[in-house]
file target15.txt (compact mmCIF, C-alpha atoms and all ligand atoms)
# COMPACT_ATOMS: atom_id res chain seq x y z
CA MET A 23 -24.20 157.36 -97.80
CA HIS A 24 -26.39 158.72 -100.56
CA ALA A 25 -28.04 162.12 -100.06
CA ALA A 26 -31.37 160.37 -99.50
CA GLY A 27 -29.77 158.24 -96.77
CA LEU A 28 -29.68 155.04 -98.86
CA PRO A 29 -26.48 152.95 -98.91
CA LEU A 30 -24.46 153.50 -102.09
CA ARG A 31 -23.80 149.78 -102.57
CA VAL A 32 -26.55 147.26 -102.02
CA GLN A 33 -25.26 143.87 -100.87
CA ARG A 34 -27.01 141.29 -103.03
CA ARG A 35 -27.31 137.67 -101.97
CA SER A 36 -25.44 135.21 -104.17
CA ILE A 37 -27.71 133.36 -106.59
CA SER A 38 -25.63 130.19 -105.97
CA ALA A 39 -27.20 127.74 -103.58
CA GLU A 40 -23.79 126.10 -102.98
CA PRO A 41 -21.45 127.47 -100.31
CA LYS A 42 -18.35 129.25 -101.66
CA VAL A 43 -15.17 127.17 -101.72
CA ALA A 44 -12.41 129.05 -99.92
CA GLN A 45 -8.95 128.29 -101.32
CA THR A 46 -5.40 129.54 -100.89
CA LYS A 47 -4.93 132.96 -102.54
CA PHE A 48 -1.12 133.20 -102.72
CA TYR A 49 0.46 129.80 -102.93
CA ASP A 50 4.19 129.85 -103.75
CA LEU A 51 4.39 127.44 -106.67
CA SER A 52 8.07 128.30 -107.20
CA GLU A 53 10.52 131.14 -106.62
CA ARG A 54 9.07 132.83 -109.72
CA ILE A 55 5.35 132.03 -109.66
CA VAL A 56 2.43 132.36 -107.20
CA LEU A 57 -0.88 130.56 -107.64
CA ASP A 58 -4.29 131.97 -106.72
CA ASN A 59 -6.29 128.79 -106.17
CA GLU A 60 -9.57 130.71 -105.94
CA ARG A 61 -9.16 131.70 -109.60
CA CYS A 62 -7.99 128.26 -110.76
CA ILE A 63 -10.60 126.31 -112.77
CA LEU A 64 -8.48 123.14 -112.72
CA CYS A 65 -8.20 123.00 -116.51
CA SER A 66 -4.81 121.26 -116.02
CA ARG A 67 -3.09 123.20 -118.84
CA CYS A 68 -0.18 124.12 -116.55
CA VAL A 69 0.18 120.50 -115.43
CA ARG A 70 0.13 119.25 -119.01
CA PHE A 71 2.73 121.85 -120.00
CA THR A 72 5.20 120.38 -117.52
CA HIS A 73 4.42 116.86 -118.74
CA GLU A 74 4.28 117.39 -122.49
CA ILE A 75 6.41 120.47 -123.32
CA SER A 76 9.04 121.22 -120.68
CA LYS A 77 8.99 117.55 -119.51
CA SER A 78 9.91 118.56 -115.96
CA HIS A 79 6.78 116.74 -114.61
CA ALA A 80 6.94 119.30 -111.83
CA LEU A 81 3.20 120.01 -111.38
CA GLY A 82 0.24 117.82 -110.56
CA ILE A 83 -3.28 118.00 -109.18
CA LYS A 84 -3.66 116.93 -105.56
CA GLN A 85 -6.86 115.60 -103.96
CA ARG A 86 -10.26 115.13 -105.56
CA ALA A 87 -13.52 117.10 -106.03
CA ASP A 88 -13.78 120.62 -104.59
CA VAL A 89 -10.56 120.27 -102.58
CA SER A 90 -8.48 119.60 -105.74
CA GLN A 91 -5.46 121.87 -106.08
CA VAL A 92 -2.58 122.38 -108.51
CA ARG A 93 0.56 121.69 -106.51
CA PRO A 94 4.25 120.97 -107.22
CA ASN A 95 5.11 117.31 -107.58
CA GLU A 96 6.79 116.32 -104.30
CA GLU A 97 9.52 114.46 -106.14
CA ARG A 98 10.31 117.30 -108.57
CA ASN A 99 11.39 120.91 -108.25
CA PHE A 100 9.43 123.45 -110.28
CA ASP A 101 12.29 125.93 -109.71
CA GLU A 102 14.44 123.70 -111.90
CA ASP A 103 12.03 123.93 -114.85
CA PHE A 104 13.80 126.49 -117.06
CA TYR A 105 10.57 126.98 -119.06
CA SER A 106 8.29 127.35 -116.02
CA ASP A 107 6.98 130.87 -116.75
CA ASN A 108 5.16 129.72 -119.88
CA VAL A 109 2.43 128.36 -117.59
CA ILE A 110 1.62 132.00 -116.70
CA ASP A 111 0.80 132.71 -120.35
CA ILE A 112 -1.33 129.63 -120.90
CA CYS A 113 -3.42 129.82 -117.73
CA PRO A 114 -6.88 130.86 -119.05
CA VAL A 115 -7.97 132.67 -115.86
CA GLY A 116 -4.84 134.46 -114.64
CA ALA A 117 -4.44 132.18 -111.64
CA LEU A 118 -0.69 131.89 -112.18
CA LEU A 119 1.14 135.14 -111.49
CA SER A 120 4.71 136.21 -112.16
CA LYS A 121 6.28 137.45 -108.92
CA SER A 122 8.55 139.83 -110.81
CA PHE A 123 5.63 141.47 -112.65
CA LEU A 124 3.01 141.32 -109.88
CA TYR A 125 1.93 144.90 -108.93
CA ARG A 126 4.62 146.32 -111.24
CA ALA A 127 2.28 148.18 -113.62
CA ARG A 128 -1.24 148.19 -114.94
CA VAL A 129 -1.09 146.44 -118.30
CA TRP A 130 -2.82 149.39 -120.00
CA TYR A 131 0.08 151.65 -118.91
CA LEU A 132 2.41 149.50 -121.02
CA THR A 133 3.08 148.97 -124.69
CA LYS A 134 5.00 146.16 -126.35
CA THR A 135 7.82 146.31 -128.87
CA PRO A 136 8.70 143.30 -131.05
CA SER A 137 12.20 142.07 -130.35
CA VAL A 138 14.52 139.06 -130.38
CA CYS A 139 15.93 137.36 -127.29
CA PRO A 140 19.73 137.63 -127.37
CA GLY A 141 20.15 134.88 -124.74
CA CYS A 142 21.24 132.14 -127.16
CA ALA A 143 21.59 131.26 -130.84
CA ARG A 144 17.87 130.29 -131.07
CA GLY A 145 16.92 133.99 -131.19
CA CYS A 146 13.37 133.54 -129.90
CA SER A 147 10.80 136.13 -130.94
CA ILE A 148 9.69 138.16 -127.93
CA ASP A 149 7.66 141.21 -127.00
CA VAL A 150 9.36 143.69 -124.69
CA TRP A 151 6.78 145.48 -122.52
CA HIS A 152 7.58 149.00 -121.34
CA ARG A 153 5.85 152.21 -120.29
CA ASP A 154 3.59 153.65 -122.98
CA GLU A 155 4.43 157.19 -124.15
CA GLU A 156 1.01 158.43 -122.99
CA TRP A 157 1.59 157.10 -119.47
CA LYS A 158 5.20 158.18 -118.95
CA LEU A 159 5.91 159.10 -115.34
CA GLN A 160 6.71 162.78 -114.77
CA ALA A 161 7.20 163.16 -111.03
CA LEU A 162 7.83 159.63 -109.77
CA ASP A 163 10.90 157.51 -110.57
CA ALA A 164 11.66 158.37 -114.22
CA ARG A 165 13.79 155.22 -114.60
CA GLU A 166 10.48 153.33 -114.88
CA ASN A 167 10.01 155.04 -118.27
CA THR A 168 13.08 153.36 -119.71
CA SER A 169 12.94 150.01 -117.99
CA ILE A 170 11.64 146.67 -119.20
CA ALA A 171 8.46 145.78 -117.29
CA ARG A 172 8.24 142.23 -118.60
CA VAL A 173 9.05 140.01 -121.57
CA THR A 174 6.59 137.60 -123.19
CA PRO A 175 6.97 135.20 -126.14
CA ARG A 176 5.81 136.27 -129.61
CA ASP A 177 4.46 133.27 -131.48
CA ASN A 178 6.85 132.39 -134.31
CA PRO A 179 6.46 128.87 -135.75
CA ALA A 180 9.79 129.19 -137.60
CA VAL A 181 11.82 129.81 -134.44
CA ASN A 182 10.26 129.27 -131.01
CA GLY A 183 6.56 128.49 -131.50
CA PRO A 184 4.66 130.04 -128.57
CA TRP A 185 7.38 129.42 -125.93
CA ILE A 186 10.50 131.04 -124.52
CA CYS A 187 12.75 129.99 -121.64
CA ASN A 188 13.04 131.91 -118.36
CA LYS A 189 16.34 133.51 -119.43
CA GLY A 190 14.43 135.31 -122.18
CA ARG A 191 11.97 136.65 -119.56
CA ASP A 192 14.91 137.91 -117.50
CA ILE A 193 16.81 139.82 -120.21
CA ALA A 194 16.35 143.03 -118.20
CA ARG A 195 19.02 141.59 -115.86
CA ILE A 196 21.46 141.79 -118.76
CA PHE A 197 20.33 145.08 -120.29
CA GLU A 198 19.68 147.05 -117.10
CA ARG A 199 23.17 146.88 -115.62
CA PRO A 200 24.75 150.30 -114.90
CA ARG A 201 25.44 151.97 -118.23
CA ALA A 202 28.62 153.53 -119.60
CA THR A 203 27.65 156.81 -121.25
CA GLU A 204 30.89 158.80 -121.56
CA PRO A 205 33.53 158.38 -124.29
CA MET A 206 36.97 158.29 -122.65
CA LEU A 207 40.66 158.53 -123.49
CA LYS A 208 42.56 156.50 -120.85
CA GLY A 209 39.73 157.10 -118.40
CA ARG A 210 39.44 160.84 -119.09
CA PRO A 211 35.95 161.83 -120.34
CA VAL A 212 36.00 163.46 -123.78
CA ASP A 213 33.41 164.09 -126.45
CA THR A 214 32.69 161.52 -129.16
CA ALA A 215 34.52 163.48 -131.89
CA ASP A 216 37.78 163.55 -129.86
CA ALA A 217 37.51 159.83 -129.04
CA LEU A 218 36.92 159.03 -132.73
CA ALA A 219 39.86 161.20 -133.82
CA GLU A 220 42.20 159.36 -131.43
CA ALA A 221 40.84 155.96 -132.51
CA ARG A 222 41.39 156.93 -136.15
CA ARG A 223 44.97 158.00 -135.37
CA LEU A 224 45.67 154.68 -133.60
CA ILE A 225 44.24 152.67 -136.52
CA ASP A 226 46.27 154.62 -139.10
CA GLY A 227 49.49 154.15 -137.10
CA ALA A 228 49.07 150.45 -136.20
CA GLY A 229 51.44 147.81 -137.62
CA ARG A 230 49.48 144.69 -136.57
CA PRO A 231 45.88 145.65 -135.69
CA VAL A 232 43.50 142.92 -134.55
CA ALA A 233 39.73 143.22 -134.05
CA LEU A 234 37.63 141.03 -131.76
CA VAL A 235 34.18 141.24 -133.29
CA SER A 236 31.04 141.03 -131.15
CA SER A 237 28.67 138.07 -131.48
CA TRP A 238 25.95 140.41 -130.11
CA GLY A 239 26.23 142.80 -133.06
CA SER A 240 23.22 142.93 -135.39
CA ASN A 241 23.50 141.90 -139.06
CA GLU A 242 23.61 145.59 -139.98
CA GLU A 243 26.37 146.40 -137.47
CA LEU A 244 28.48 143.42 -138.51
CA GLU A 245 28.17 144.44 -142.15
CA ALA A 246 29.00 148.06 -141.26
CA PHE A 247 32.16 146.86 -139.47
CA ARG A 248 33.16 144.66 -142.41
CA ASP A 249 32.60 147.47 -144.93
CA ALA A 250 34.37 150.19 -142.95
CA LEU A 251 37.13 148.42 -141.04
CA GLY A 252 37.25 144.79 -142.18
CA SER A 253 40.30 145.37 -144.37
CA ALA A 254 42.15 147.45 -141.76
CA PHE A 255 42.17 144.68 -139.10
CA SER A 256 42.70 140.95 -138.87
CA CYS A 257 39.30 139.98 -137.49
CA CYS A 258 38.00 137.13 -135.38
CA VAL A 259 34.68 136.63 -133.62
CA LYS A 260 34.52 136.29 -129.84
CA ASP A 261 31.76 134.92 -127.60
CA ASP A 262 30.43 137.94 -125.72
CA HIS A 263 28.51 135.65 -123.34
CA VAL A 264 29.21 132.11 -122.20
CA LEU A 265 27.29 129.56 -120.12
CA GLN A 266 26.48 130.89 -116.63
CA PRO A 267 26.24 128.80 -113.42
CA GLY A 268 22.80 127.18 -113.14
CA GLU A 269 21.97 127.75 -116.81
CA PRO A 270 21.23 124.69 -119.02
CA LEU A 271 23.78 124.17 -121.78
CA GLU A 272 21.38 122.89 -124.42
CA ASP A 273 18.14 120.90 -124.74
CA ASP A 274 15.74 119.46 -127.32
CA LEU A 275 13.19 122.28 -127.04
CA LEU A 276 14.81 125.71 -127.58
CA ILE A 277 17.98 126.35 -125.59
CA ARG A 278 21.24 126.37 -127.60
CA ALA A 279 24.81 125.98 -126.34
CA ASP A 280 25.97 129.20 -128.06
CA LYS A 281 24.83 131.93 -125.63
CA ASN A 282 25.04 134.71 -128.24
CA PRO A 283 22.36 135.78 -130.72
CA ASN A 284 24.43 136.38 -133.84
CA GLY A 285 27.64 134.36 -133.61
CA GLY A 286 26.75 132.33 -136.71
CA TYR A 287 26.32 135.37 -138.95
CA ALA A 288 29.43 137.03 -137.48
CA ARG A 289 31.50 133.91 -138.26
CA LYS A 290 30.02 133.81 -141.77
CA LEU A 291 31.42 137.32 -142.36
CA PHE A 292 34.69 137.08 -140.42
CA GLY A 293 35.60 133.37 -140.37
CA ASP A 294 35.55 130.59 -137.80
CA ALA A 295 38.99 131.21 -136.25
CA ARG A 296 38.89 131.21 -132.45
CA PRO A 297 40.02 134.52 -130.92
CA ALA A 298 43.79 134.32 -130.44
CA LEU A 299 45.93 137.42 -130.28
CA PRO A 300 49.37 137.29 -131.96
CA ASP A 301 52.22 138.37 -129.66
CA ASP A 302 53.09 141.22 -132.02
CA ALA A 303 49.56 142.72 -132.13
CA ASP A 304 50.05 146.40 -131.33
CA LEU A 305 46.41 147.51 -131.51
CA VAL A 306 43.35 145.53 -130.38
CA LEU A 307 39.83 146.72 -131.11
CA VAL A 308 37.47 145.00 -128.67
CA TRP A 309 33.78 145.26 -129.57
CA GLY A 310 31.47 144.11 -126.77
CA GLU A 311 31.96 141.92 -123.72
CA GLY A 312 33.65 138.60 -123.02
CA PHE A 313 37.32 139.43 -123.62
CA ASP A 314 39.87 138.60 -120.93
CA PHE A 315 42.08 141.69 -120.84
CA ALA A 316 44.81 139.66 -119.10
CA ALA A 317 45.34 138.04 -122.53
CA LEU A 318 46.36 141.33 -124.17
CA PRO A 319 49.81 141.23 -125.81
CA ARG A 320 52.36 143.33 -123.95
CA GLY A 321 52.28 146.95 -125.08
CA ALA A 322 49.17 146.57 -127.25
CA LYS A 323 46.88 149.59 -127.31
CA VAL A 324 43.11 149.09 -126.96
CA ILE A 325 40.05 150.64 -128.59
CA LEU A 326 37.04 149.38 -126.64
CA LEU A 327 33.37 149.62 -127.60
CA GLY A 328 31.05 148.72 -124.73
CA SER A 329 27.68 149.46 -123.21
CA TRP A 330 28.09 148.92 -119.46
CA LEU A 331 30.35 150.21 -116.72
CA ALA A 332 33.44 147.99 -116.37
CA PRO A 333 36.93 148.56 -114.91
CA GLU A 334 38.61 148.01 -118.28
CA ASN A 335 36.72 150.94 -119.84
CA GLY A 336 39.06 153.35 -118.07
CA HIS A 337 42.21 151.45 -119.07
CA ALA A 338 41.54 151.47 -122.81
CA GLU A 339 43.33 154.11 -124.89
CA VAL A 340 39.92 154.88 -126.38
CA PHE A 341 36.55 153.90 -124.92
CA LEU A 342 33.37 154.46 -126.95
CA PRO A 343 29.94 153.76 -125.36
CA VAL A 344 27.53 152.02 -127.72
CA SER A 345 23.75 151.54 -127.74
CA LEU A 346 21.88 148.44 -126.58
CA GLN A 347 19.59 146.29 -128.67
CA THR A 348 16.62 148.00 -126.94
CA GLU A 349 17.82 151.39 -128.23
CA ARG A 350 18.12 150.61 -131.94
CA ALA A 351 16.52 148.54 -134.68
CA GLY A 352 18.21 145.66 -136.48
CA HIS A 353 18.21 141.96 -137.32
CA TYR A 354 19.83 138.80 -135.99
CA THR A 355 20.33 135.57 -137.94
CA ASN A 356 19.75 132.52 -135.79
CA PHE A 357 21.57 129.16 -135.95
CA GLN A 358 19.05 127.89 -138.53
CA GLY A 359 19.57 130.93 -140.78
CA VAL A 360 16.22 132.56 -139.86
CA VAL A 361 16.53 136.37 -139.88
CA SER A 362 14.46 138.13 -137.19
CA ALA A 363 13.95 141.85 -136.69
CA PHE A 364 14.02 143.82 -133.44
CA ALA A 365 12.85 147.39 -132.91
CA ALA A 366 13.91 150.15 -130.53
CA CYS A 367 12.00 150.51 -127.24
CA PHE A 368 13.93 153.43 -125.72
CA GLU A 369 16.01 156.46 -126.71
CA ARG A 370 19.81 156.12 -126.54
CA PRO A 371 21.26 157.98 -123.51
CA ALA A 372 23.20 161.16 -124.28
CA GLY A 373 26.84 160.39 -125.12
CA VAL A 374 26.04 156.90 -126.44
CA SER A 375 26.38 156.13 -130.18
CA ASP A 376 25.19 153.31 -132.42
CA ALA A 377 28.12 151.01 -133.23
CA ALA A 378 27.33 151.07 -136.98
CA ALA A 379 27.64 154.88 -137.03
CA LEU A 380 30.98 154.70 -135.18
CA PHE A 381 32.35 152.17 -137.67
CA ALA A 382 31.27 154.36 -140.59
CA ALA A 383 32.99 157.34 -138.93
CA LEU A 384 36.19 155.35 -138.34
CA GLY A 385 36.45 153.84 -141.80
CA PRO A 386 37.94 155.52 -144.84
CA PRO A 387 36.97 158.11 -145.88
CA ALA A 388 36.57 159.36 -142.33
CA GLY A 389 32.99 160.48 -141.57
CA GLY A 390 31.52 162.46 -138.71
CA ALA A 391 30.51 161.35 -135.25
CA THR A 392 26.92 160.50 -134.42
S1 LIG B 401 -3.65 126.59 -116.07
FE1 LIG B 401 -4.52 127.96 -114.51
S2 LIG B 401 -6.67 127.38 -114.37
FE2 LIG B 401 -5.63 125.72 -115.43
S3 LIG B 401 -5.07 124.28 -113.81
FE3 LIG B 401 -3.31 125.62 -114.06
S4 LIG B 401 -3.61 127.26 -112.60
FE4 LIG B 401 -5.56 126.22 -112.82
S1 LIG B 402 15.91 129.68 -125.80
FE1 LIG B 402 17.58 131.14 -126.06
S2 LIG B 402 16.76 132.74 -127.40
FE2 LIG B 402 15.01 131.55 -126.60
S3 LIG B 402 14.34 132.66 -124.80
FE3 LIG B 402 15.80 131.11 -124.10
S4 LIG B 402 17.79 132.16 -124.08
FE4 LIG B 402 16.38 133.41 -125.29
call {"tool": "encode", "arguments": {"input": "target15.txt", "output": "structure tokens", "more": "lines below"}}
Ligand code: SF4
Ligand code: SF4
result
Amino acid sequence: MHAAGLPLRVQRRSISAEPKVAQTKFYDLSERIVLDNERCILCSRCVRFTHEISKSHALGIKQRADVSQVRPNEERNFDEDFYSDNVIDICPVGALLSKSFLYRARVWYLTKTPSVCPGCARGCSIDVWHRDEEWKLQALDARENTSIARVTPRDNPAVNGPWICNKGRDIARIFERPRATEPMLKGRPVDTADALAEARRLIDGAGRPVALVSSWGSNEELEAFRDALGSAFSCCVKDDHVLQPGEPLEDDLLIRADKNPNGGYARKLFGDARPALPDDADLVLVWGEGFDFAALPRGAKVILLGSWLAPENGHAEVFLPVSLQTERAGHYTNFQGVVSAFAACFERPAGVSDAAALFAALGPPAGGAT
């Protein structure tokens, strides 16, 4: 109550003569999206998206007049539309809400960094949303400060237009796996300088060294590897990521069969040969994921560069933790030859180095650690 005894808020009568239409507030449109029908103005953009762009025909408008509602088509499954989350972006009134982002953060607490989706060879332009410097959490869970809050498409007519697929929205699932942050020699933590010195010794002493080059390396990293170590190894490019269960192989809109962002440029630098290790390889440098360690030649020593915790990290003679795409700037070249830039969103964790700096330190003349 106000000091004078008047109510602080005066309830005004609605100026509308029509009764309010009560609608469903949280309708589960799919496993990823809820619909607030009281916000919906029935513009039908979301319905048209599924008919004209994603071609899933998964949404329609049920009933007529003031009981009309956007609803999933009974004969289709909106969960199977791999582009479904684009309807969230095109809804003009915010009636379609992403379950993974709902209540996660006020938008003004976030900032966006331009990036490139690494989910396939299309290399869609995206914005990665994360906590703004000014609004960093001090006392609450500090991991929120270095986590991806959401991913949205960045309009790029040369690559993806205004769309991305749901895999691009979910790249945090790839990046935010438990990180490897300690250099190791046979599982024993060491500092970066010691790990580099041992790697250098192994390279100098190898008779048949082979390198499996990452198709997730940026243009700059691939060039750094070629310049520093390309002549010391026989090189071939491996697929760091392959098709996952439930993921579409390829389609006419965006999704490409190659599930790596820079395989084309890597093969341009290092050749098209499929990764095959000769029986007499005595040193294998593995950069990134996707290598089956059961295929290692007997007795071959391993230098491994990786970003996430994995059992093989501790078995390698030398393990060097490397930064993620969200911790450094660079470029990818997509399957059409379009070069796109990505910027850093977060600081590298302590103990982690940029792969390009490691290659420079390993190549002749030997440099220093990062
Ligand atoms: S785009 Fe939004 S406002 Fe338009 S019909 Fe769909 S839910 Fe309703
Ligand atoms: S089409 Fe490929 S590059 Fe584009 S968002 Fe999907 S996975 Fe990422």
call {"tool": "residues_near_point", "arguments": {"input": "target15.txt", "point": "(1.3, 129.8, -101.4)", "cutoff": "12 Å", "atoms": "only C-alpha atoms", "output": "PyMOL selection string"}}
result
chain A and resi 45-60+91-94+117-119+121
call {"tool": "closest_atom_pairs", "arguments": {"input": "target15.txt", "of": "chain A", "to": "ligand LIG 401 (chain B)", "cutoff": "7 Å", "atoms": "all atoms listed in the file", "output": "Markdown table"}}
result
| residue | atom | partner | partner_atom | distance |
| --- | --- | --- | --- | --- |
| A:Leu57 | CA | B:LIG401 | S4 | 6.6 |
| A:Arg61 | CA | B:LIG401 | S2 | 6.9 |
| A:Cys62 | CA | B:LIG401 | FE4 | 3.8 |
| A:Ile63 | CA | B:LIG401 | S2 | 4.4 |
| A:Leu64 | CA | B:LIG401 | S3 | 3.8 |
| A:Cys65 | CA | B:LIG401 | FE2 | 3.9 |
| A:Ser66 | CA | B:LIG401 | S3 | 3.8 |
| A:Arg67 | CA | B:LIG401 | S1 | 4.4 |
| A:Cys68 | CA | B:LIG401 | FE3 | 4.3 |
| A:Val69 | CA | B:LIG401 | FE3 | 6.3 |
| A:Val92 | CA | B:LIG401 | S3 | 6.2 |
| A:Val109 | CA | B:LIG401 | S1 | 6.5 |
| A:Ile112 | CA | B:LIG401 | S1 | 6.2 |
| A:Cys113 | CA | B:LIG401 | S1 | 3.6 |
| A:Pro114 | CA | B:LIG401 | S2 | 5.8 |
| A:Val115 | CA | B:LIG401 | S2 | 5.6 |
| A:Gly116 | CA | B:LIG401 | FE1 | 6.5 |
| A:Ala117 | CA | B:LIG401 | S4 | 5.1 |
| A:Leu118 | CA | B:LIG401 | S4 | 5.5 |
call {"tool": "closest_atom_pairs", "arguments": {"input": "target15.txt", "of": "range 198-300 of chain A", "to": "range 141-159 of chain A", "cutoff": "8 Å", "atoms": "all atoms listed in the file", "output": "tab-separated table"}}
result
residue	atom	partner	partner_atom	distance
A:Leu276	CA	A:Arg144	CA	6.5
A:Ile277	CA	A:Arg144	CA	6.8
A:Arg278	CA	A:Cys142	CA	5.8
A:Ala279	CA	A:Cys142	CA	7.2
A:Asp280	CA	A:Ala143	CA	5.6
A:Lys281	CA	A:Cys142	CA	3.9
A:Asn282	CA	A:Cys142	CA	4.7
A:Pro283	CA	A:Ala143	CA	4.6
A:Asn284	CA	A:Ala143	CA	6.6
A:Gly285	CA	A:Ala143	CA	7.3
A:Gly286	CA	A:Ala143	CA	7.9
call {"tool": "write_last_selection", "arguments": {"input": "target15.txt", "atoms": "C-alpha atoms", "output": "short mmCIF file (atom, residue, chain, number, x, y, z; two decimals), in the coordinates of the input"}}
result
data_model
loop_
_atom_site.label_atom_id
_atom_site.label_comp_id
_atom_site.auth_asym_id
_atom_site.auth_seq_id
_atom_site.Cartn_x
_atom_site.Cartn_y
_atom_site.Cartn_z
CA LEU A 276 14.81 125.71 -127.58
CA ILE A 277 17.98 126.35 -125.59
CA ARG A 278 21.24 126.37 -127.60
CA ALA A 279 24.81 125.98 -126.34
CA ASP A 280 25.97 129.20 -128.06
CA LYS A 281 24.83 131.93 -125.63
CA ASN A 282 25.04 134.71 -128.24
CA PRO A 283 22.36 135.78 -130.72
CA ASN A 284 24.43 136.38 -133.84
CA GLY A 285 27.64 134.36 -133.61
CA GLY A 286 26.75 132.33 -136.71
#
call {"tool": "atom_distance", "arguments": {"input": "target15.txt", "atom1": "CA of Glu349 in chain A", "atom2": "CA of Pro371 in chain A"}}
result
8.8 Å
call {"tool": "atom_distance", "arguments": {"input": "target15.txt", "atom1": "CA of Cys367 in chain A", "atom2": "CA of Asn188 in chain A"}}
result
20.6 Å
call {"tool": "atom_distance", "arguments": {"input": "target15.txt", "atom1": "CA of Pro270 in chain A", "atom2": "atom FE3 of ligand LIG 402 (chain B)"}}
result
9.8 Å
call {"tool": "closest_residue", "arguments": {"input": "target15.txt", "among": "A:Pro231, A:Pro300, A:Pro184, A:Gly209", "to": "Leu331 in chain A", "atoms": "all atoms listed in the file"}}
result
A:Gly209
call {"tool": "closest_residue", "arguments": {"input": "target15.txt", "among": "A:Ser237, A:Ser256, A:Asn356, A:Thr214", "to": "ligand LIG 402 (chain B)", "atoms": "only C-alpha atoms and all ligand atoms"}}
result
A:Asn356
call {"tool": "closest_residue", "arguments": {"input": "target15.txt", "among": "A:Ser38, A:Ser362, A:Thr348, A:Asn241", "to": "ligand LIG 402 (chain B)", "atoms": "all atoms listed in the file"}}
result
A:Ser362
call {"tool": "closest_residue", "arguments": {"input": "target15.txt", "among": "A:Ala316, A:Ala228, A:Ile193, A:Ala217", "to": "ligand LIG 402 (chain B)", "atoms": "only C-alpha atoms and all ligand atoms"}}
result
A:Ile193
call {"tool": "closest_residue", "arguments": {"input": "target15.txt", "among": "A:Thr133, A:Asn167, A:Thr72, A:Thr355", "to": "Glu242 in chain A", "atoms": "only C-alpha atoms"}}
result
A:Thr355
call {"tool": "closest_residue", "arguments": {"input": "target15.txt", "among": "A:Arg126, A:Phe313, A:Glu245, A:Val212", "to": "Asp261 in chain A", "atoms": "only C-alpha atoms"}}
result
A:Phe313
call {"tool": "residues_around", "arguments": {"input": "target15.txt", "residues": "Arg230 in chain A", "least_positions_apart": "6", "cutoff": "10 Å", "atoms": "only C-alpha atoms", "output": "JSON, numbers by chain"}}
result
{"A": [254, 255, 256, 300, 301, 302, 303, 304, 305, 306, 322]}
call {"tool": "residues_around", "arguments": {"input": "target15.txt", "residues": "Val259 in chain A", "least_positions_apart": "4", "cutoff": "9 Å", "atoms": "all atoms listed in the file", "output": "number ranges by chain"}}
result
A: 233-237, 285, 288-289, 292-297
call {"tool": "residues_around", "arguments": {"input": "target15.txt", "residues": "Phe364 in chain A", "least_positions_apart": "4", "cutoff": "7 Å", "atoms": "all atoms listed in the file", "output": "number ranges by chain"}}
result
A: 136-138, 351-353
